[in-house]
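Shown next: target.json, containing JSON, C-alpha atoms.
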```json
[["chain", "number", "residue", "atom", "x", "y", "z"],
["O", 29, "MET", "CA", 6.17, 6.92, 0.41],
["O", 30, "GLN", "CA", 5.17, 10.42, 1.47],
["O", 31, "VAL", "CA", 6.13, 11.17, 5.04],
["O", 32, "ASN", "CA", 4.13, 13.58, 7.25],
["O", 33, "ALA", "CA", 1.60, 14.04, 4.45],
["O", 34, "ALA", "CA", -1.87, 15.27, 5.26],
["O", 35, "SER", "CA", -3.30, 12.55, 3.02],
["O", 36, "VAL", "CA", -1.98, 9.68, 0.92],
["O", 37, "SER", "CA", -3.81, 7.11, -1.19],
["O", 38, "TYR", "CA", -2.83, 3.64, -2.37],
["O", 39, "PHE", "CA", -4.25, 1.31, -5.02],
["O", 40, "LEU", "CA", -4.83, -2.37, -4.28],
["O", 41, "ASN", "CA", -3.89, -3.87, -7.64],
["O", 42, "GLN", "CA", -2.79, -7.44, -6.82],
["O", 43, "SER", "CA", -5.24, -10.33, -6.82],
["O", 44, "ASN", "CA", -5.29, -14.02, -6.00],
["O", 45, "ASP", "CA", -8.25, -14.49, -8.38],
["O", 46, "LEU", "CA", -8.30, -11.85, -11.14],
["O", 47, "ASP", "CA", -5.51, -10.34, -13.25],
["O", 48, "ASP", "CA", -2.86, -8.27, -11.43],
["O", 49, "GLY", "CA", -2.29, -4.65, -12.42],
["O", 50, "GLN", "CA", -5.93, -3.55, -12.35],
["O", 51, "ASN", "CA", -6.86, -1.06, -9.59],
["O", 52, "TYR", "CA", -9.48, -3.00, -7.58],
["O", 53, "ALA", "CA", -9.67, -0.83, -4.46],
["O", 54, "GLN", "CA", -8.23, 2.39, -3.05],
["O", 55, "VAL", "CA", -7.09, 3.09, 0.51],
["O", 56, "THR", "CA", -6.82, 6.72, 1.63],
["O", 57, "ILE", "CA", -5.18, 7.59, 4.96],
["O", 58, "SER", "CA", -5.45, 11.19, 6.13],
["O", 59, "ASP", "CA", -5.14, 13.47, 9.11],
["O", 60, "SER", "CA", -8.60, 14.04, 10.55],
["O", 61, "ILE", "CA", -10.00, 17.52, 10.09],
["O", 62, "ASP", "CA", -12.84, 17.08, 12.60],
["O", 63, "HIS", "CA", -10.84, 15.17, 15.23],
["O", 64, "ILE", "CA", -7.40, 16.77, 15.49],
["O", 65, "GLY", "CA", -4.67, 14.18, 16.14],
["O", 66, "ASP", "CA", -6.69, 11.29, 14.73],
["O", 67, "ILE", "CA", -5.98, 9.37, 11.54],
["O", 68, "GLU", "CA", -8.83, 8.55, 9.15],
["O", 69, "PHE", "CA", -9.03, 5.56, 6.81],
["O", 70, "THR", "CA", -11.31, 5.31, 3.78],
["O", 71, "VAL", "CA", -11.28, 2.08, 1.79],
["O", 72, "GLU", "CA", -13.23, 2.10, -1.45],
["O", 73, "VAL", "CA", -13.97, -0.76, -3.83],
["O", 74, "LEU", "CA", -13.47, 0.40, -7.43],
["O", 75, "SER", "CA", -16.48, -1.52, -8.72],
["O", 76, "ASP", "CA", -15.82, -0.79, -12.42],
["O", 77, "ALA", "CA", -12.74, -3.04, -12.18],
["O", 78, "PHE", "CA", -14.81, -6.14, -11.43],
["O", 79, "PRO", "CA", -16.75, -8.49, -13.65],
["O", 80, "THR", "CA", -20.49, -8.40, -13.17],
["O", 81, "ALA", "CA", -21.44, -7.52, -9.59],
["O", 82, "LEU", "CA", -23.98, -9.85, -8.02],
["O", 83, "SER", "CA", -26.68, -9.00, -5.46],
["O", 84, "ASN", "CA", -24.37, -8.77, -2.41],
["O", 85, "PHE", "CA", -21.20, -7.37, -3.99],
["O", 86, "GLY", "CA", -18.69, -5.58, -1.77],
["O", 87, "MET", "CA", -15.81, -5.67, 0.66],
["O", 88, "GLN", "CA", -16.11, -8.24, 3.42],
["O", 89, "ALA", "CA", -12.75, -7.66, 5.16],
["O", 90, "PHE", "CA", -9.89, -5.15, 5.25],
["O", 91, "TYR", "CA", -6.38, -5.82, 6.64],
["O", 92, "PHE", "CA", -3.61, -3.37, 7.65],
["O", 93, "ASN", "CA", -0.49, -2.97, 9.80],
["O", 94, "PHE", "CA", 0.96, -0.20, 11.92],
["O", 95, "ASP", "CA", 4.40, 0.99, 13.01],
["O", 96, "ASP", "CA", 5.70, -1.36, 15.74],
["O", 97, "SER", "CA", 7.00, 1.58, 17.80],
["O", 98, "LEU", "CA", 3.38, 2.62, 18.47],
["O", 99, "THR", "CA", 0.84, 1.12, 20.84],
["O", 100, "VAL", "CA", -2.36, 0.60, 18.86],
["O", 101, "GLU", "CA", -5.16, -1.52, 20.26],
["O", 102, "ILE", "CA", -8.65, -2.44, 19.11],
["O", 103, "ALA", "CA", -10.08, 0.31, 21.36],
["O", 104, "ASN", "CA", -8.18, 2.90, 19.27],
["O", 105, "LEU", "CA", -10.23, 2.05, 16.16],
["O", 106, "VAL", "CA", -13.48, 4.03, 16.25],
["O", 107, "ASP", "CA", -16.39, 5.06, 14.02],
["O", 108, "ILE", "CA", -16.62, 1.61, 12.45],
["O", 109, "ASP", "CA", -19.95, 0.24, 11.29],
["O", 110, "PRO", "CA", -21.17, -1.60, 14.44],
["O", 111, "SER", "CA", -21.95, -4.74, 12.44],
["O", 112, "TRP", "CA", -18.23, -5.07, 11.63],
["O", 113, "LYS", "CA", -15.76, -6.61, 14.08],
["O", 114, "VAL", "CA", -12.04, -5.97, 14.61],
["O", 115, "ASP", "CA", -9.50, -8.74, 15.22],
["O", 116, "THR", "CA", -5.70, -8.77, 15.52],
["O", 117, "ASN", "CA", -2.84, -10.77, 13.99],
["O", 118, "LYS", "CA", -4.74, -12.23, 11.06],
["O", 119, "ASN", "CA", -3.59, -13.91, 7.87],
["O", 120, "ALA", "CA", -5.00, -12.14, 4.84],
["O", 121, "GLY", "CA", -4.80, -15.28, 2.75],
["O", 122, "GLY", "CA", -4.13, -15.15, -0.95],
["O", 123, "GLY", "CA", -0.40, -15.03, -0.19],
["O", 124, "PHE", "CA", -0.61, -11.46, 1.06],
["O", 125, "GLY", "CA", 0.79, -12.08, 4.54],
["O", 126, "GLU", "CA", 0.02, -11.39, 8.19],
["O", 127, "PHE", "CA", -1.57, -8.12, 9.28],
["O", 128, "ASP", "CA", -1.96, -6.44, 12.67],
["O", 129, "PHE", "CA", -5.68, -5.73, 12.24],
["O", 130, "VAL", "CA", -8.58, -7.11, 10.24],
["O", 131, "LEU", "CA", -11.95, -5.39, 10.07],
["O", 132, "ALA", "CA", -14.60, -7.86, 8.92],
["O", 133, "GLY", "CA", -18.28, -7.74, 8.19],
["O", 134, "SER", "CA", -20.35, -10.43, 9.81],
["O", 135, "GLY", "CA", -22.01, -12.97, 7.55],
["O", 136, "SER", "CA", -23.07, -11.37, 4.29],
["O", 137, "ASN", "CA", -22.52, -7.81, 5.56],
["O", 138, "ARG", "CA", -20.50, -6.09, 2.82],
["O", 139, "THR", "CA", -19.79, -2.54, 1.78],
["O", 140, "GLU", "CA", -18.23, -0.69, -1.15],
["O", 141, "VAL", "CA", -16.87, 2.05, 1.16],
["O", 142, "LEU", "CA", -15.41, 1.39, 4.60],
["O", 143, "SER", "CA", -14.33, 4.24, 6.86],
["O", 144, "PHE", "CA", -12.97, 4.44, 10.40],
["O", 145, "ARG", "CA", -10.67, 6.52, 12.60],
["O", 146, "ILE", "CA", -7.67, 5.70, 14.74],
["O", 147, "THR", "CA", -7.69, 7.84, 17.87],
["O", 148, "ASP", "CA", -5.56, 8.46, 20.97],
["O", 149, "VAL", "CA", -2.32, 6.97, 19.58],
["O", 150, "ILE", "CA", 0.63, 9.11, 20.67],
["O", 151, "GLY", "CA", 3.11, 9.91, 17.92],
["O", 152, "ASP", "CA", 1.26, 8.39, 14.97],
["O", 153, "THR", "CA", 1.15, 9.98, 11.53],
["O", 154, "VAL", "CA", -0.40, 9.03, 8.22],
["O", 155, "ALA", "CA", 2.83, 7.17, 7.38],
["O", 156, "SER", "CA", 2.52, 5.03, 10.55],
["O", 157, "TYR", "CA", -0.11, 2.85, 8.85],
["O", 158, "ALA", "CA", 1.40, 2.24, 5.42],
["O", 159, "LEU", "CA", 3.56, -0.63, 6.64],
["O", 160, "SER", "CA", 3.85, -4.30, 5.90],
["O", 161, "GLU", "CA", 6.23, -7.10, 6.75],
["O", 162, "ASP", "CA", 5.68, -8.32, 3.18],
["O", 163, "SER", "CA", 5.53, -6.28, -0.02],
["O", 164, "GLU", "CA", 1.88, -5.20, 0.25],
["O", 165, "TYR", "CA", 0.66, -2.58, 2.73],
["O", 166, "PHE", "CA", -3.03, -3.54, 2.71],
["O", 167, "ALA", "CA", -5.33, -6.37, 1.71],
["O", 168, "THR", "CA", -9.07, -6.79, 1.34],
["O", 169, "HIS", "CA", -11.54, -9.57, 0.66],
["O", 170, "ILE", "CA", -14.14, -8.63, -1.95],
["O", 171, "ALA", "CA", -17.03, -10.95, -2.66],
["O", 172, "ASP", "CA", -20.05, -11.59, -4.85],
["O", 173, "TYR", "CA", -18.81, -10.84, -8.35],
["O", 174, "ASP", "CA", -19.18, -13.16, -11.32],
["O", 175, "SER", "CA", -15.78, -14.20, -12.68],
["O", 176, "SER", "CA", -16.13, -16.22, -15.85],
["O", 177, "VAL", "CA", -12.33, -16.45, -16.00],
["O", 178, "SER", "CA", -11.83, -18.30, -12.70],
["O", 179, "GLY", "CA", -15.36, -19.35, -11.86],
["O", 180, "ASN", "CA", -14.95, -17.73, -8.41],
["O", 181, "THR", "CA", -17.22, -15.16, -6.84],
["O", 182, "SER", "CA", -14.72, -13.74, -4.35],
["O", 183, "GLY", "CA", -11.05, -13.02, -3.98],
["O", 184, "LYS", "CA", -8.31, -11.34, -1.95],
["O", 185, "PHE", "CA", -6.81, -8.10, -3.23],
["O", 186, "ALA", "CA", -3.72, -6.30, -1.97],
["O", 187, "GLY", "CA", -1.41, -3.46, -2.86],
["O", 188, "SER", "CA", 0.79, -0.56, -1.98],
["O", 189, "SER", "CA", 0.96, 1.49, -5.20],
["O", 190, "VAL", "CA", 0.74, 5.20, -4.45],
["O", 191, "VAL", "CA", -2.08, 6.94, -6.32],
["O", 192, "PRO", "CA", -0.41, 9.57, -8.54],
["O", 193, "LEU", "CA", -1.34, 13.21, -8.10],
["O", 194, "PRO", "CA", -3.54, 14.61, -10.90],
["O", 195, "ALA", "CA", -1.80, 16.68, -13.58],
["O", 196, "SER", "CA", -3.75, 19.74, -12.43],
["O", 197, "VAL", "CA", -2.00, 19.61, -9.04],
["O", 198, "TRP", "CA", 1.43, 19.53, -10.71],
["O", 199, "LEU", "CA", 0.41, 22.43, -12.96],
["O", 200, "PHE", "CA", -0.76, 24.46, -9.95],
["O", 201, "VAL", "CA", 2.46, 23.79, -8.01],
["O", 202, "SER", "CA", 4.54, 24.71, -11.09],
["O", 203, "GLY", "CA", 2.58, 27.96, -11.43],
["O", 204, "LEU", "CA", 3.21, 28.82, -7.79],
["O", 205, "GLY", "CA", 6.92, 28.14, -8.26],
["O", 206, "PHE", "CA", 7.02, 30.39, -11.33],
["O", 207, "LEU", "CA", 5.22, 33.20, -9.47],
["O", 208, "GLY", "CA", 7.67, 32.88, -6.58],
["O", 209, "TRP", "CA", 10.63, 32.99, -8.96],
["O", 210, "LYS", "CA", 9.18, 35.99, -10.84],
["O", 211, "SER", "CA", 8.47, 37.84, -7.57],
["O", 212, "ARG", "CA", 11.97, 37.19, -6.34],
["O", 213, "LYS", "CA", 13.47, 38.32, -9.65],
["O", 214, "ASN", "CA", 11.44, 41.56, -9.53],
["O", 215, "ASN", "CA", 12.64, 42.25, -5.97],
["O", 216, "TYR", "CA", 16.26, 42.33, -7.17],
["O", 217, "LYS", "CA", 15.61, 45.04, -9.78]]
```

Can I see the file as structure tokens?
Amino acid sequence: MQVNAASVSYFLNQSNDLDDGQNYAQVTISDSIDHIGDIEFTVEVLSDAFPTALSNFGMQAFYFNFDDSLTVEIANLVDIDPSWKVDTNKNAGGGFGEFDFVLAGSGSNRTEVLSFRITDVIGDTVASYALSEDSEYFATHIADYDSSVSGNTSGKFAGSSVVPLPASVWLFVSGLGFLGWKSRKNNYK
């Protein structure tokens, strides 16, 4: 896990309904640019990973934990779609464990992208929210897809696999390192 990173992303690639190993959703946690000191969450359903989407396809719930040394309450979660509610200490089902918070759409309210901020928590960092008592950091309930394999139209998905950096980032960092080495070498001449 990256510590003190400005942004980190995780794939949710475990399922209680479909095959494991496919990236079904992505969670990105980042330092807020517009609200200094806040942490932003973006949860995105990777719709191409699902069988045929039906008329009300999307995420119906999202579950996460936080570092126990922090005091995080429902009031600290802001900028959430007002039709969604926040609860605490919920079982994610699907064998994915207990989570400190669940954000859930009411009734058939679903989305393919969920975003919110955590504000006014002293001492939190991006790494403060990539925690789980079990093996998975996050879980989500995604509904209204047509699964001919299982016959189900919804399932629970979880994961904690870090999204790898693109090759272009590694190439850029390598180039900077080479330029630094070359500059330093030229200074000794």

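The smallest atom-to-atom distance between Gln50 of chain O and any of O:Ala158, O:Phe69, O:Asp109, O:Ala186, using only C-alpha atoms, is found for O:Ala186.
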
Please identify all polymer residues within 10 Å of Ser97 of chain O, counting all atoms listed in the file, omitting same-chain residues fewer than 3 positions from it, and present them as a compact mmCIF listing (two decimals) with C-alpha atoms, in the frame of the given file.
```
# COMPACT_ATOMS: atom_id res chain seq x y z
CA PHE O 94 0.96 -0.20 11.92
CA VAL O 100 -2.36 0.60 18.86
CA GLY O 151 3.11 9.91 17.92
CA ASP O 152 1.26 8.39 14.97
CA SER O 156 2.52 5.03 10.55
```

**Test item: residues at most 9 Å from segment 134-146 of chain O, all atoms listed in the file, excluding those fewer than 2 positions along its chain, as a PyMOL selection string** = chain O and resi 60+66-75+84-90+100+103-109+111-113+132+148-149+170-171

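You can rank O:Ser83, O:Ser188, O:Asn93, O:Gln54 by their closest distance to Phe127 of chain O using all atoms listed in the file, and at the top of that list sits O:Asn93.
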
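Considering the residues O:Phe78, O:Tyr52, O:Tyr38, O:Tyr91 and counting only C-alpha atoms, Ala167 of chain O has its shortest atom-to-atom contact with O:Tyr91.
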
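Proximity of O:Pro110, O:Pro192, O:Glu126, O:Ala77 to Leu46 of chain O, computed with only C-alpha atoms, is greatest for O:Ala77.
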
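Between atom CA of Ala53 of chain O and atom CA of Phe39 of chain O the interatomic distance comes to 5.9 Å.
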
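Residues with at least one atom no more than 9 Å from (-6.0, -13.4, 8.3), using all atoms listed in the file, are Tyr91, Thr116, Asn117, Lys118, Asn119, Ala120, Gly121, Gly125, Glu126, Phe127, Phe129 and Val130 of chain O.
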
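Between atom CA of Phe166 of chain O and atom CA of Leu40 of chain O lies a distance of 7.3 Å.
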
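Note that atom CA of Ser37 of chain O and atom CA of Leu82 of chain O are 27.2 Å apart.
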
Please tabulate, as a tab-separated table, the residues of segment 54-128 of chain O that come within 6 Å of segment 173-182 of chain O, each with its closest pair of atoms and the distance in Å to one decimal, counting all atoms listed in the file and ordering rows by chain, then residue number upward.
```
residue	atom	partner	partner_atom	distance
O:Pro79	CA	O:Asp174	CA	5.8
O:Thr80	CA	O:Asp174	CA	5.3
O:Ala81	CA	O:Tyr173	CA	4.4
O:Leu82	CA	O:Tyr173	CA	5.3
```
